[in-house]
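Chemist: Okay, here's the structure, questions in a sec.
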Amino acid sequence: MYKIYTTDFLNCIIFIFDKSATMVFKVTEGVMISVEQFYQPDYSNPIQGEYMFAYKISIQNNNLFPIQLLRRQWFIIDSNTEKKEVEGEGVIGVQPVISPGEQYQYISGCNLKSELGKMYGSYLMENVMTKQRFQVKIPVFQMEAPCKRN
């Protein structure tokens, strides 16, 4: 069973599947970013305050031109009020070029010191044909260890 929550159909749709994974979508400048996160119990140690989450990002280019992902900027907020900013070139060591109608996916991870947190950010993209640069927003997604769910 799943539930669908819509906040703004063109910008963000949240799907919840069996309370084990959450997927969020956001469209900016013709680029759809979807994020699905998963708690990683085998890599977590709650007794020591270590909670590991994996997330899968899909980047769909709905434009009529190819784009290249140049940089990323992430904000990671732990429920213990710790806030981190991570930025750098590309994602997982690459700066992918995404053709019109194509999609690029990657998986990464985040460790928290508490059972709850969230992430959001942006990508700096470039229109490969015109060299014009633009920001694409990464939607906010929640990270929640199963022990915190009702």
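Here's how to read the names in the structure tokens: chain A, B, ... by the order shown, residue numbers from 1 in each chain, ligand numbers from 1 in the order shown.
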Region 112-148 of chain A near region 39-42 of chain A within 9 Å: what's each residue's closest atom pair and its distance in Å to one decimal, counting only C-alpha atoms, ordered by chain then ascending residue number, as a tab-separated table?
Modeler:
residue	atom	partner	partner_atom	distance
A:Met143	CA	A:Tyr39	CA	7.4
A:Glu144	CA	A:Tyr39	CA	7.2
A:Ala145	CA	A:Tyr39	CA	6.0
A:Pro146	CA	A:Tyr39	CA	7.6
Chemist: Leaving out region 125-132 of chain A and any residue of its chain fewer than 5 positions from it, which residues lie within 9 Å of it when counting only C-alpha atoms, given as a list in words?
Modeler: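 Once the nearby chain positions are removed, what remains is Phe65, Pro66, Ile67, Gln68, Leu69, Leu70, Arg71 and Val97 of chain A.
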Chemist: Quick one: pick out all strand (DSSP E or B) residues within chain A from a backbone DSSP run and write them as a ChimeraX atom specification.
Modeler: /A:2-8,12-17,21-28,31-39,45,50-61,67-78,83-89,91,94,97-98,103-112,116-127,133-144
Chemist: What's the separation between CA of Gln105 (chain A) and CA of Gly117 (chain A), in Å to one decimal place?
Modeler: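 We find that CA of Gln105 (chain A) and CA of Gly117 (chain A) lie 22.6 Å from each other.
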Chemist: I'd like to know which of A:Cys110, A:Ile138, A:Leu116, A:Ile59 is closest to Tyr43 (chain A), using only C-alpha atoms.
Modeler: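 Checking each of A:Cys110, A:Ile138, A:Leu116, A:Ile59 against Tyr43 (chain A), counting only C-alpha atoms, the winner is A:Cys110.
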Chemist: Which one of A:Tyr106, A:Gln60, A:Tyr123, A:Arg133 sits closest to Glu89 (chain A) if you count only C-alpha atoms?
Modeler: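 Selected residue with least distance to Glu89 (chain A): A:Tyr123.
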Chemist: Excluding Asp78 (chain A) and its own-chain neighbours fewer than 6 positions away, which residues fall within 12 Å of it when counting only C-alpha atoms? Please give them as a list in words.
Modeler: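 Here the answer would be Gly49, Glu50, Tyr51, Met52, Lys84, Glu85, Cys110, Asn111, Leu112, Lys113, Ser114, Glu115, Leu116, Gly117, Lys118, Met119, Gln142, Met143 and Glu144 of chain A.
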Chemist: Can you write out the residues you just picked, keeping N, CA and C atoms, as an mmCIF file, in the first residue's frame?
Modeler:
data_model
loop_
_atom_site.group_PDB
_atom_site.id
_atom_site.type_symbol
_atom_site.label_atom_id
_atom_site.label_comp_id
_atom_site.auth_asym_id
_atom_site.auth_seq_id
_atom_site.Cartn_x
_atom_site.Cartn_y
_atom_site.Cartn_z
ATOM 1 N N GLY A 49 25.229 6.185 18.572
ATOM 2 C CA GLY A 49 24.721 7.384 17.902
ATOM 3 C C GLY A 49 25.157 7.490 16.458
ATOM 4 N N GLU A 50 25.186 6.371 15.749
ATOM 5 C CA GLU A 50 25.571 6.352 14.329
ATOM 6 C C GLU A 50 24.421 5.779 13.520
ATOM 7 N N TYR A 51 23.869 6.591 12.626
ATOM 8 C CA TYR A 51 22.738 6.191 11.793
ATOM 9 C C TYR A 51 23.109 6.470 10.344
ATOM 10 N N MET A 52 23.108 5.424 9.532
ATOM 11 C CA MET A 52 23.520 5.543 8.131
ATOM 12 C C MET A 52 22.310 5.448 7.216
ATOM 13 N N LYS A 84 25.341 20.644 8.423
ATOM 14 C CA LYS A 84 26.560 20.569 7.618
ATOM 15 C C LYS A 84 26.255 21.043 6.210
ATOM 16 N N GLU A 85 27.263 21.637 5.580
ATOM 17 C CA GLU A 85 27.166 22.003 4.172
ATOM 18 C C GLU A 85 28.274 21.268 3.437
ATOM 19 N N CYS A 110 24.666 9.113 3.657
ATOM 20 C CA CYS A 110 24.823 10.158 4.660
ATOM 21 C C CYS A 110 24.731 9.523 6.034
ATOM 22 N N ASN A 111 25.621 9.905 6.919
ATOM 23 C CA ASN A 111 25.537 9.415 8.294
ATOM 24 C C ASN A 111 25.094 10.546 9.210
ATOM 25 N N LEU A 112 24.225 10.188 10.141
ATOM 26 C CA LEU A 112 23.719 11.139 11.124
ATOM 27 C C LEU A 112 24.095 10.665 12.518
ATOM 28 N N LYS A 113 24.024 11.598 13.465
ATOM 29 C CA LYS A 113 24.283 11.255 14.875
ATOM 30 C C LYS A 113 22.990 11.034 15.639
ATOM 31 N N SER A 114 21.858 11.206 14.963
ATOM 32 C CA SER A 114 20.557 10.963 15.588
ATOM 33 C C SER A 114 19.670 10.212 14.609
ATOM 34 N N GLU A 115 18.491 9.816 15.081
ATOM 35 C CA GLU A 115 17.581 8.994 14.280
ATOM 36 C C GLU A 115 16.837 9.780 13.214
ATOM 37 N N LEU A 116 16.886 11.109 13.275
ATOM 38 C CA LEU A 116 16.119 11.956 12.375
ATOM 39 C C LEU A 116 17.002 13.012 11.739
ATOM 40 N N GLY A 117 16.721 13.306 10.484
ATOM 41 C CA GLY A 117 17.431 14.377 9.810
ATOM 42 C C GLY A 117 16.802 14.655 8.465
ATOM 43 N N LYS A 118 17.376 15.611 7.761
ATOM 44 C CA LYS A 118 16.913 15.905 6.415
ATOM 45 C C LYS A 118 18.063 16.472 5.595
ATOM 46 N N MET A 119 17.884 16.377 4.294
ATOM 47 C CA MET A 119 18.862 16.918 3.350
ATOM 48 C C MET A 119 18.120 17.677 2.256
ATOM 49 N N GLN A 142 13.464 13.611 4.012
ATOM 50 C CA GLN A 142 13.634 13.249 5.406
ATOM 51 C C GLN A 142 14.374 11.920 5.531
ATOM 52 N N MET A 143 15.172 11.812 6.560
ATOM 53 C CA MET A 143 15.829 10.549 6.915
ATOM 54 C C MET A 143 15.349 10.206 8.317
ATOM 55 N N GLU A 144 14.788 9.019 8.454
ATOM 56 C CA GLU A 144 14.179 8.628 9.714
ATOM 57 C C GLU A 144 14.447 7.145 9.954
#
Chemist: Under the rule that only C-alpha atoms are counted, which of A:Thr81, A:Ser99, A:Ser34, A:Thr28 is the nearest residue to Leu64 (chain A)?
Modeler: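 Checking each candidate against Leu64 (chain A), we get A:Ser99 as the closest.
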Chemist: Rounded to one decimal place, report the CA of Gln103 (chain A)-CA of Glu29 (chain A) distance in Å.
Modeler: 15.0 Å
Chemist: One decimal, Å: what's the distance from CA of Ser122 (chain A) over to CA of Val86 (chain A), could you say?
Modeler: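 These two atoms are separated by 10.7 Å.
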